[in-house]
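Here the structure comes first, spelled out in structure tokens, and everything after it is commentary.
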Amino acid sequence: MKKDKAPRNKTIELSKSEINEYAKRSVKVSAPIGLEQVLDKTIWQDTFKALDFLPENSIDLIVVDPPYNLTKSFSGTTFKEMGLNEYMKWLDKWLKKTVRLLKENGSIYICSDWKTSIAIPEIAGKYFLLQNRISWEREKGRGAKNNWKNCLEDIWFFTKSKDYTFNLDAVKVQRPVIAPYRDTNGKPKDWVDDGISKTRLTHPSNIWTDISIPFWSMPENTNHPTQKPEKLIAKLILASSNEGDVILDPFVGSGTTSVVAKKLNRHYIGIEREKEYAALTEKRLELADKNKEIQGFENGIFKTRNA
């Protein structure tokens, strides 16, 4: 018998009938189409096929979290670890299809783990301009017995040209003030005292330690094995797009990129091969109509971890 969830367990789960119903909301493409036909849609299809039919110069930002070079099961389908050269060929096969889709002032972020991170700049560097490498602390799990605990992932930031969007003020980070200097009138200098804490908005670096991985008591949590946090994706979308822009995720998984784009008043296109995850994406998009909150991001400010 299926156990009832604990009262605080907010994990989004779908029954077989719900998977069938929500999957019907997705679309498939089999010929070149206009943007309006896939705008704010989930494309339930293999990305290697779907990318060929999307319109040129239609995407402002691509956020992509491809399968890492690890053997892992995704809703019954297994992605198998390859040799590095083989994995690089696999990356190149789909990445080159995104070039014609991205606008000249567009950006692309590519997620990776420590092991496959070395492959990203070599392949993506053939098509885009490397701007930065973000490393973020993925604090989860008990650790390894014979190695250092793996809690680091990378996000590679590329642009199509030297003319690109970067909204610095939208992604400043709130941090506690260590040295609360005051001006000659005794007023806080570049910091705020709200009576509870002293904080300052600082420029974001390329090392992020404020991210919480989705877990069972968080409303965004699903059973997807490699789900990215909404807060993480929010930083990328806010920094590198504007309201009304079009965001593409070629491996949308359980839908985080599409959901965050919707919450931040952007358009989205998500491509997902697995029926269960396409359905989860549609379910989360439905929930986003009622709740636009992003955990860890309040009133335009990114909070510290678990704040």
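Labels used: A, B, ... for chains in the order of the structure tokens, numbers from 1 for residues in each chain, and numbers from 1 for ligands as shown.
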Leu287 of chain A surroundings by only C-alpha atoms, 12 Å radius, close-in-sequence under 2 positions cut, as a VMD selection string = chain A and resid 12 219 to 220 255 259 to 260 262 to 263 280 to 285 289 to 293
Selection from above, N, CA and C atoms, as a PDB file, in the first residue's frame, can you write it?
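What follows is the written file selection_6.pdb:
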ATOM      1  N   ILE A  12       5.557  17.548  -5.033  1.00  0.00           N
ATOM      2  CA  ILE A  12       4.531  17.451  -6.078  1.00  0.00           C
ATOM      3  C   ILE A  12       4.613  16.075  -6.717  1.00  0.00           C
ATOM      4  N   PRO A 219       7.648  23.584  -1.399  1.00  0.00           N
ATOM      5  CA  PRO A 219       6.548  23.434  -2.373  1.00  0.00           C
ATOM      6  C   PRO A 219       7.009  23.175  -3.795  1.00  0.00           C
ATOM      7  N   GLU A 220       8.246  23.525  -4.137  1.00  0.00           N
ATOM      8  CA  GLU A 220       8.728  23.318  -5.509  1.00  0.00           C
ATOM      9  C   GLU A 220       9.270  21.910  -5.732  1.00  0.00           C
ATOM     10  N   GLY A 255      10.506  21.238 -15.100  1.00  0.00           N
ATOM     11  CA  GLY A 255       9.914  22.520 -15.469  1.00  0.00           C
ATOM     12  C   GLY A 255      10.398  23.760 -14.755  1.00  0.00           C
ATOM     13  N   VAL A 259       8.752  27.522 -15.151  1.00  0.00           N
ATOM     14  CA  VAL A 259       8.001  28.024 -14.000  1.00  0.00           C
ATOM     15  C   VAL A 259       8.555  29.361 -13.518  1.00  0.00           C
ATOM     16  N   VAL A 260       9.871  29.448 -13.397  1.00  0.00           N
ATOM     17  CA  VAL A 260      10.486  30.688 -12.928  1.00  0.00           C
ATOM     18  C   VAL A 260      10.302  31.800 -13.950  1.00  0.00           C
ATOM     19  N   LYS A 262       7.821  32.163 -15.935  1.00  0.00           N
ATOM     20  CA  LYS A 262       6.435  32.602 -15.799  1.00  0.00           C
ATOM     21  C   LYS A 262       6.267  33.493 -14.569  1.00  0.00           C
ATOM     22  N   LYS A 263       6.858  33.101 -13.450  1.00  0.00           N
ATOM     23  CA  LYS A 263       6.741  33.879 -12.220  1.00  0.00           C
ATOM     24  C   LYS A 263       7.385  35.259 -12.355  1.00  0.00           C
ATOM     25  N   LEU A 280       4.689  17.003 -15.170  1.00  0.00           N
ATOM     26  CA  LEU A 280       5.069  17.738 -13.961  1.00  0.00           C
ATOM     27  C   LEU A 280       5.270  19.217 -14.256  1.00  0.00           C
ATOM     28  N   THR A 281       5.879  19.501 -15.393  1.00  0.00           N
ATOM     29  CA  THR A 281       6.075  20.890 -15.802  1.00  0.00           C
ATOM     30  C   THR A 281       4.743  21.611 -15.909  1.00  0.00           C
ATOM     31  N   GLU A 282       3.784  20.965 -16.565  1.00  0.00           N
ATOM     32  CA  GLU A 282       2.469  21.587 -16.732  1.00  0.00           C
ATOM     33  C   GLU A 282       1.750  21.759 -15.397  1.00  0.00           C
ATOM     34  N   LYS A 283       1.906  20.808 -14.509  1.00  0.00           N
ATOM     35  CA  LYS A 283       1.306  20.923 -13.181  1.00  0.00           C
ATOM     36  C   LYS A 283       1.903  22.108 -12.425  1.00  0.00           C
ATOM     37  N   ARG A 284       3.225  22.250 -12.471  1.00  0.00           N
ATOM     38  CA  ARG A 284       3.885  23.347 -11.765  1.00  0.00           C
ATOM     39  C   ARG A 284       3.537  24.700 -12.386  1.00  0.00           C
ATOM     40  N   LEU A 285       3.362  24.738 -13.694  1.00  0.00           N
ATOM     41  CA  LEU A 285       2.942  25.982 -14.345  1.00  0.00           C
ATOM     42  C   LEU A 285       1.542  26.376 -13.902  1.00  0.00           C
ATOM     43  N   ASP A 289       0.231  29.901 -11.423  1.00  0.00           N
ATOM     44  CA  ASP A 289      -0.847  30.877 -11.629  1.00  0.00           C
ATOM     45  C   ASP A 289      -1.382  31.381 -10.290  1.00  0.00           C
ATOM     46  N   LYS A 290      -1.308  30.535  -9.278  1.00  0.00           N
ATOM     47  CA  LYS A 290      -1.856  30.870  -7.969  1.00  0.00           C
ATOM     48  C   LYS A 290      -0.791  31.396  -6.998  1.00  0.00           C
ATOM     49  N   ASN A 291       0.452  30.999  -7.222  1.00  0.00           N
ATOM     50  CA  ASN A 291       1.520  31.372  -6.290  1.00  0.00           C
ATOM     51  C   ASN A 291       2.796  31.691  -7.062  1.00  0.00           C
ATOM     52  N   LYS A 292       3.189  32.951  -7.055  1.00  0.00           N
ATOM     53  CA  LYS A 292       4.379  33.393  -7.782  1.00  0.00           C
ATOM     54  C   LYS A 292       5.611  33.520  -6.880  1.00  0.00           C
ATOM     55  N   GLU A 293       5.513  33.029  -5.664  1.00  0.00           N
ATOM     56  CA  GLU A 293       6.640  33.115  -4.742  1.00  0.00           C
ATOM     57  C   GLU A 293       7.800  32.234  -5.196  1.00  0.00           C
TER      58      GLU A 293
END
As an MDAnalysis selection string, which residues of segment 25-153 of chain A does DSSP assign to helix (DSSP H, G or I)?
-> chainID A and resid 35:37 47:53 84:98 119:124
How about saving the chosen residues, N, CA and C atoms kept, as a CSV table (one decimal), in the first residue's frame?
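Final output, result_35.csv:
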chain,number,residue,atom,x,y,z
A,35,LEU,N,6.8,31.4,-33.8
A,35,LEU,CA,7.0,31.5,-32.4
A,35,LEU,C,5.7,31.4,-31.6
A,36,GLU,N,4.7,32.0,-32.1
A,36,GLU,CA,3.4,32.0,-31.4
A,36,GLU,C,2.8,30.6,-31.1
A,37,GLN,N,3.3,29.6,-31.9
A,37,GLN,CA,2.8,28.2,-31.8
A,37,GLN,C,3.4,27.5,-30.7
A,47,THR,N,14.7,16.7,-27.7
A,47,THR,CA,15.2,18.0,-28.1
A,47,THR,C,16.0,18.0,-29.4
A,48,PHE,N,16.6,16.9,-29.7
A,48,PHE,CA,17.4,16.8,-30.9
A,48,PHE,C,16.5,17.0,-32.2
A,49,LYS,N,15.2,16.6,-32.1
A,49,LYS,CA,14.3,16.8,-33.2
A,49,LYS,C,13.6,18.2,-33.1
A,50,ALA,N,13.2,18.5,-31.9
A,50,ALA,CA,12.4,19.8,-31.7
A,50,ALA,C,13.2,21.0,-32.0
A,51,LEU,N,14.4,21.1,-31.7
A,51,LEU,CA,15.2,22.3,-31.9
A,51,LEU,C,15.3,22.7,-33.4
A,52,ASP,N,15.2,21.7,-34.3
A,52,ASP,CA,15.3,21.9,-35.7
A,52,ASP,C,14.1,22.7,-36.3
A,53,PHE,N,13.0,22.7,-35.5
A,53,PHE,CA,11.8,23.3,-36.1
A,53,PHE,C,11.5,24.7,-35.4
A,84,LEU,N,34.8,10.7,-22.2
A,84,LEU,CA,34.7,12.2,-22.3
A,84,LEU,C,34.6,12.6,-23.7
A,85,ASN,N,35.3,12.1,-24.6
A,85,ASN,CA,35.2,12.5,-26.1
A,85,ASN,C,33.9,12.2,-26.6
A,86,GLU,N,33.3,11.1,-26.2
A,86,GLU,CA,31.9,10.7,-26.7
A,86,GLU,C,30.9,11.7,-26.1
A,87,TYR,N,31.1,12.1,-24.9
A,87,TYR,CA,30.2,13.0,-24.3
A,87,TYR,C,30.3,14.4,-24.9
A,88,MET,N,31.5,14.8,-25.3
A,88,MET,CA,31.7,16.1,-25.9
A,88,MET,C,31.0,16.1,-27.3
A,89,LYS,N,31.0,14.9,-28.0
A,89,LYS,CA,30.3,14.9,-29.3
A,89,LYS,C,28.8,15.0,-29.1
A,90,TRP,N,28.3,14.4,-28.0
A,90,TRP,CA,26.9,14.4,-27.6
A,90,TRP,C,26.5,15.9,-27.3
A,91,LEU,N,27.3,16.6,-26.6
A,91,LEU,CA,27.1,18.0,-26.3
A,91,LEU,C,27.0,18.8,-27.6
A,92,ASP,N,28.0,18.6,-28.4
A,92,ASP,CA,28.1,19.4,-29.7
A,92,ASP,C,26.8,19.1,-30.6
A,93,LYS,N,26.3,17.9,-30.5
A,93,LYS,CA,25.2,17.5,-31.4
A,93,LYS,C,24.0,18.4,-31.2
A,94,TRP,N,23.7,18.7,-29.9
A,94,TRP,CA,22.5,19.5,-29.7
A,94,TRP,C,22.8,21.0,-29.5
A,95,LEU,N,24.0,21.3,-29.0
A,95,LEU,CA,24.4,22.7,-28.7
A,95,LEU,C,24.5,23.5,-30.0
A,96,LYS,N,25.0,22.9,-31.1
A,96,LYS,CA,25.1,23.7,-32.3
A,96,LYS,C,23.7,24.0,-32.9
A,97,LYS,N,22.7,23.3,-32.5
A,97,LYS,CA,21.4,23.6,-33.0
A,97,LYS,C,20.8,24.8,-32.4
A,98,THR,N,21.3,25.3,-31.3
A,98,THR,CA,20.8,26.4,-30.5
A,98,THR,C,21.3,27.7,-31.1
A,119,ALA,N,34.3,20.0,-20.3
A,119,ALA,CA,33.9,19.8,-21.7
A,119,ALA,C,33.1,21.0,-22.2
A,120,ILE,N,32.5,21.7,-21.3
A,120,ILE,CA,31.6,22.8,-21.7
A,120,ILE,C,32.3,23.9,-22.5
A,121,PRO,N,33.4,24.5,-22.0
A,121,PRO,CA,34.0,25.7,-22.7
A,121,PRO,C,34.6,25.2,-24.0
A,122,GLU,N,35.0,24.0,-24.1
A,122,GLU,CA,35.6,23.5,-25.4
A,122,GLU,C,34.6,23.4,-26.5
A,123,ILE,N,33.4,22.9,-26.1
A,123,ILE,CA,32.4,22.8,-27.1
A,123,ILE,C,31.6,24.1,-27.4
A,124,ALA,N,31.1,24.7,-26.3
A,124,ALA,CA,30.3,25.9,-26.4
A,124,ALA,C,31.2,27.1,-26.9
For Tyr277 of chain A, please output as a ChimeraX atom specification all residues within 10 Å (counting only C-alpha atoms; exclusion window: fewer than 3 positions along the same chain).
-> /A:14,19,22-23,44,74-75,222-224,252-255,272-274,280-283
Write the residues you've just listed into a file as a short mmCIF file (atom, residue, chain, number, x, y, z; two decimals), in the first residue's frame, and include C-alpha atoms for each of them.
data_model
loop_
_atom_site.label_atom_id
_atom_site.label_comp_id
_atom_site.auth_asym_id
_atom_site.auth_seq_id
_atom_site.Cartn_x
_atom_site.Cartn_y
_atom_site.Cartn_z
CA LEU A 14 1.21 12.89 -10.03
CA ILE A 19 0.26 12.36 -15.90
CA TYR A 22 -1.32 17.13 -17.84
CA ALA A 23 0.75 15.69 -20.69
CA TRP A 44 6.98 16.89 -25.21
CA PHE A 74 15.05 9.65 -15.67
CA SER A 75 11.49 8.33 -15.34
CA THR A 222 9.37 16.96 -7.23
CA ASN A 223 10.70 13.44 -7.70
CA HIS A 224 12.98 14.52 -10.56
CA VAL A 252 13.42 21.38 -19.05
CA GLY A 253 13.01 18.32 -16.80
CA SER A 254 10.36 18.99 -14.15
CA GLY A 255 9.91 22.52 -15.47
CA GLU A 272 11.21 17.54 -22.41
CA ARG A 273 11.40 13.97 -23.71
CA GLU A 274 9.83 12.15 -20.76
CA LEU A 280 5.07 17.74 -13.96
CA THR A 281 6.07 20.89 -15.80
CA GLU A 282 2.47 21.59 -16.73
CA LYS A 283 1.31 20.92 -13.18
#
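Proximity of A:Ile294, A:Ala144, A:Ala234, A:Val27 to Ala278 of chain A, computed with only C-alpha atoms, is greatest for A:Val27.
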Using only C-alpha atoms, what table do you get, as a tab-separated table, when you list each residue of segment 200-289 of chain A with an atom no more than 9 Å from segment 153-170 of chain A, its nearest pair of atoms, and their distance in Å rounded to one decimal, rows by chain then rising number?
residue	atom	partner	partner_atom	distance
A:His203	CA	A:Leu168	CA	7.4
A:Pro204	CA	A:Leu168	CA	8.0
A:Lys235	CA	A:Ala170	CA	8.2
A:Leu238	CA	A:Ala170	CA	6.0
A:Ala239	CA	A:Asn167	CA	4.6
A:Ser240	CA	A:Phe166	CA	4.9
A:Ser241	CA	A:Thr165	CA	6.2
A:Asn242	CA	A:Thr165	CA	8.1
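You can rank A:Cys151, A:Val173, A:Ala179, A:Leu54 by their closest distance to Gly300 of chain A using only C-alpha atoms, and at the top of that list sits A:Val173.
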Write out as a list in words each polymer residue whose atoms come within 9 Å of Trp208 of chain A, counting only C-alpha atoms; drop sequence neighbours fewer than 5 positions from it.
-> Ile134, Ser135, Trp136 and Glu137 of chain A
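The space between atom CA of Pro225 of chain A and atom CA of Ile59 of chain A spans 27.3 Å.
Shortest atom-to-atom contact with Tyr109 of chain A among A:Leu152, A:Ile233, A:Val192, A:Leu201: A:Ile233, counting only C-alpha atoms.
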Residues near Asn150 of chain A, cut-off 10 Å, only C-alpha atoms, skip fewer than 3 positions along chain, as a ChimeraX atom specification = /A:113-114,137-144,147,153
Using only C-alpha atoms, the residue out of A:Ile108, A:Ile269, A:Val177, A:Ile213 with shortest distance to Asp40 of chain A is A:Ile269
Figure out the distance between atom CA of Glu230 of chain A and atom CA of Gly106 of chain A, please, to one decimal in Å.
-> 21.2 Å
If you run DSSP on the backbone, which residues of segment 73-185 of chain A are strand (DSSP E), as an MDAnalysis selection string?
-> chainID A and resid 73:74 77:79 102:113 129:137 152:159 173:176
Store the residues picked out above, limited to N, CA and C atoms, as a short mmCIF file (atom, residue, chain, number, x, y, z; two decimals), in the first residue's frame.
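Below you can see part-v1.cif, which holds the result:
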data_model
loop_
_atom_site.label_atom_id
_atom_site.label_comp_id
_atom_site.auth_asym_id
_atom_site.auth_seq_id
_atom_site.Cartn_x
_atom_site.Cartn_y
_atom_site.Cartn_z
N SER A 73 18.91 7.36 -14.02
CA SER A 73 17.59 7.05 -14.57
C SER A 73 16.68 8.26 -14.49
N PHE A 74 16.02 8.56 -15.59
CA PHE A 74 15.05 9.65 -15.67
C PHE A 74 13.70 9.07 -16.08
N THR A 77 13.93 5.97 -18.15
CA THR A 77 14.91 6.03 -19.23
C THR A 77 16.29 6.31 -18.64
N THR A 78 17.27 5.53 -19.00
CA THR A 78 18.60 5.67 -18.41
C THR A 78 19.55 6.39 -19.35
N PHE A 79 20.19 7.43 -18.81
CA PHE A 79 21.28 8.09 -19.53
C PHE A 79 22.57 7.44 -19.03
N LEU A 102 19.19 31.70 -31.06
CA LEU A 102 19.50 32.77 -30.12
C LEU A 102 19.69 34.11 -30.85
N LYS A 103 19.07 35.14 -30.30
CA LYS A 103 19.24 36.48 -30.86
C LYS A 103 20.69 36.94 -30.70
N GLU A 104 21.08 37.92 -31.49
CA GLU A 104 22.46 38.38 -31.47
C GLU A 104 22.88 38.93 -30.11
N ASN A 105 21.93 39.48 -29.36
CA ASN A 105 22.25 40.00 -28.02
C ASN A 105 21.84 39.01 -26.92
N GLY A 106 21.64 37.74 -27.31
CA GLY A 106 21.18 36.73 -26.37
C GLY A 106 22.31 36.09 -25.58
N SER A 107 21.93 35.38 -24.51
CA SER A 107 22.88 34.69 -23.64
C SER A 107 22.46 33.25 -23.46
N ILE A 108 23.42 32.42 -23.05
CA ILE A 108 23.14 31.02 -22.76
C ILE A 108 23.92 30.61 -21.52
N TYR A 109 23.22 29.95 -20.60
CA TYR A 109 23.85 29.38 -19.40
C TYR A 109 23.77 27.86 -19.50
N ILE A 110 24.90 27.20 -19.25
CA ILE A 110 24.96 25.74 -19.34
C ILE A 110 25.43 25.16 -18.01
N CYS A 111 24.60 24.32 -17.42
CA CYS A 111 24.92 23.72 -16.12
C CYS A 111 25.80 22.48 -16.32
N SER A 112 26.64 22.21 -15.32
CA SER A 112 27.48 21.01 -15.38
C SER A 112 27.93 20.64 -13.97
N ASP A 113 28.40 19.41 -13.82
CA ASP A 113 29.02 19.02 -12.56
C ASP A 113 30.53 19.15 -12.72
N LEU A 129 30.59 33.32 -26.99
CA LEU A 129 31.66 34.01 -26.28
C LEU A 129 31.55 33.72 -24.78
N LEU A 130 32.60 33.18 -24.21
CA LEU A 130 32.60 32.87 -22.78
C LEU A 130 32.72 34.14 -21.96
N GLN A 131 31.80 34.33 -21.03
CA GLN A 131 31.80 35.51 -20.16
C GLN A 131 32.20 35.19 -18.72
N ASN A 132 31.80 34.01 -18.23
CA ASN A 132 32.13 33.69 -16.84
C ASN A 132 31.79 32.24 -16.54
N ARG A 133 32.27 31.80 -15.40
CA ARG A 133 31.97 30.49 -14.86
C ARG A 133 31.48 30.68 -13.43
N ILE A 134 30.26 30.30 -13.18
CA ILE A 134 29.67 30.39 -11.84
C ILE A 134 29.82 29.03 -11.16
N SER A 135 30.31 29.03 -9.94
CA SER A 135 30.38 27.80 -9.16
C SER A 135 29.47 27.97 -7.95
N TRP A 136 28.59 26.99 -7.75
CA TRP A 136 27.65 27.11 -6.65
C TRP A 136 27.68 25.87 -5.77
N GLU A 137 27.45 26.10 -4.49
CA GLU A 137 27.53 25.03 -3.51
C GLU A 137 26.22 24.25 -3.47
N LEU A 152 29.80 20.72 -5.36
CA LEU A 152 30.08 21.86 -6.23
C LEU A 152 29.56 21.58 -7.63
N GLU A 153 28.83 22.56 -8.19
CA GLU A 153 28.43 22.49 -9.59
C GLU A 153 28.76 23.81 -10.26
N ASP A 154 28.88 23.76 -11.58
CA ASP A 154 29.22 24.95 -12.36
C ASP A 154 28.08 25.34 -13.28
N ILE A 155 28.03 26.63 -13.60
CA ILE A 155 27.14 27.15 -14.64
C ILE A 155 28.01 28.05 -15.52
N TRP A 156 28.14 27.68 -16.78
CA TRP A 156 28.96 28.43 -17.72
C TRP A 156 28.10 29.47 -18.43
N PHE A 157 28.58 30.71 -18.41
CA PHE A 157 27.85 31.85 -18.96
C PHE A 157 28.48 32.27 -20.28
N PHE A 158 27.71 32.13 -21.36
CA PHE A 158 28.16 32.52 -22.70
C PHE A 158 27.18 33.54 -23.29
N THR A 159 27.66 34.31 -24.22
CA THR A 159 26.79 35.21 -24.99
C THR A 159 27.08 35.01 -26.47
N VAL A 173 22.93 40.83 -3.89
CA VAL A 173 22.69 39.89 -2.79
C VAL A 173 22.69 40.62 -1.46
N GLN A 174 21.74 40.28 -0.60
CA GLN A 174 21.67 40.88 0.73
C GLN A 174 22.57 40.10 1.69
N ARG A 175 23.51 40.80 2.32
CA ARG A 175 24.43 40.15 3.25
C ARG A 175 24.48 40.92 4.57
N PRO A 176 24.79 40.23 5.66
CA PRO A 176 24.96 40.91 6.96
C PRO A 176 26.14 41.87 6.90
#
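Minimum atom-to-atom distance to Gly34 of chain A, evaluated using only C-alpha atoms, belongs to A:Pro55 out of A:Leu232, A:Pro180, A:Pro55, A:Met218.
Taking only C-alpha atoms into account, Glu56 of chain A lies nearest to A:Leu101 out of the set A:Asn206, A:Lys16, A:Leu101, A:Ser26.
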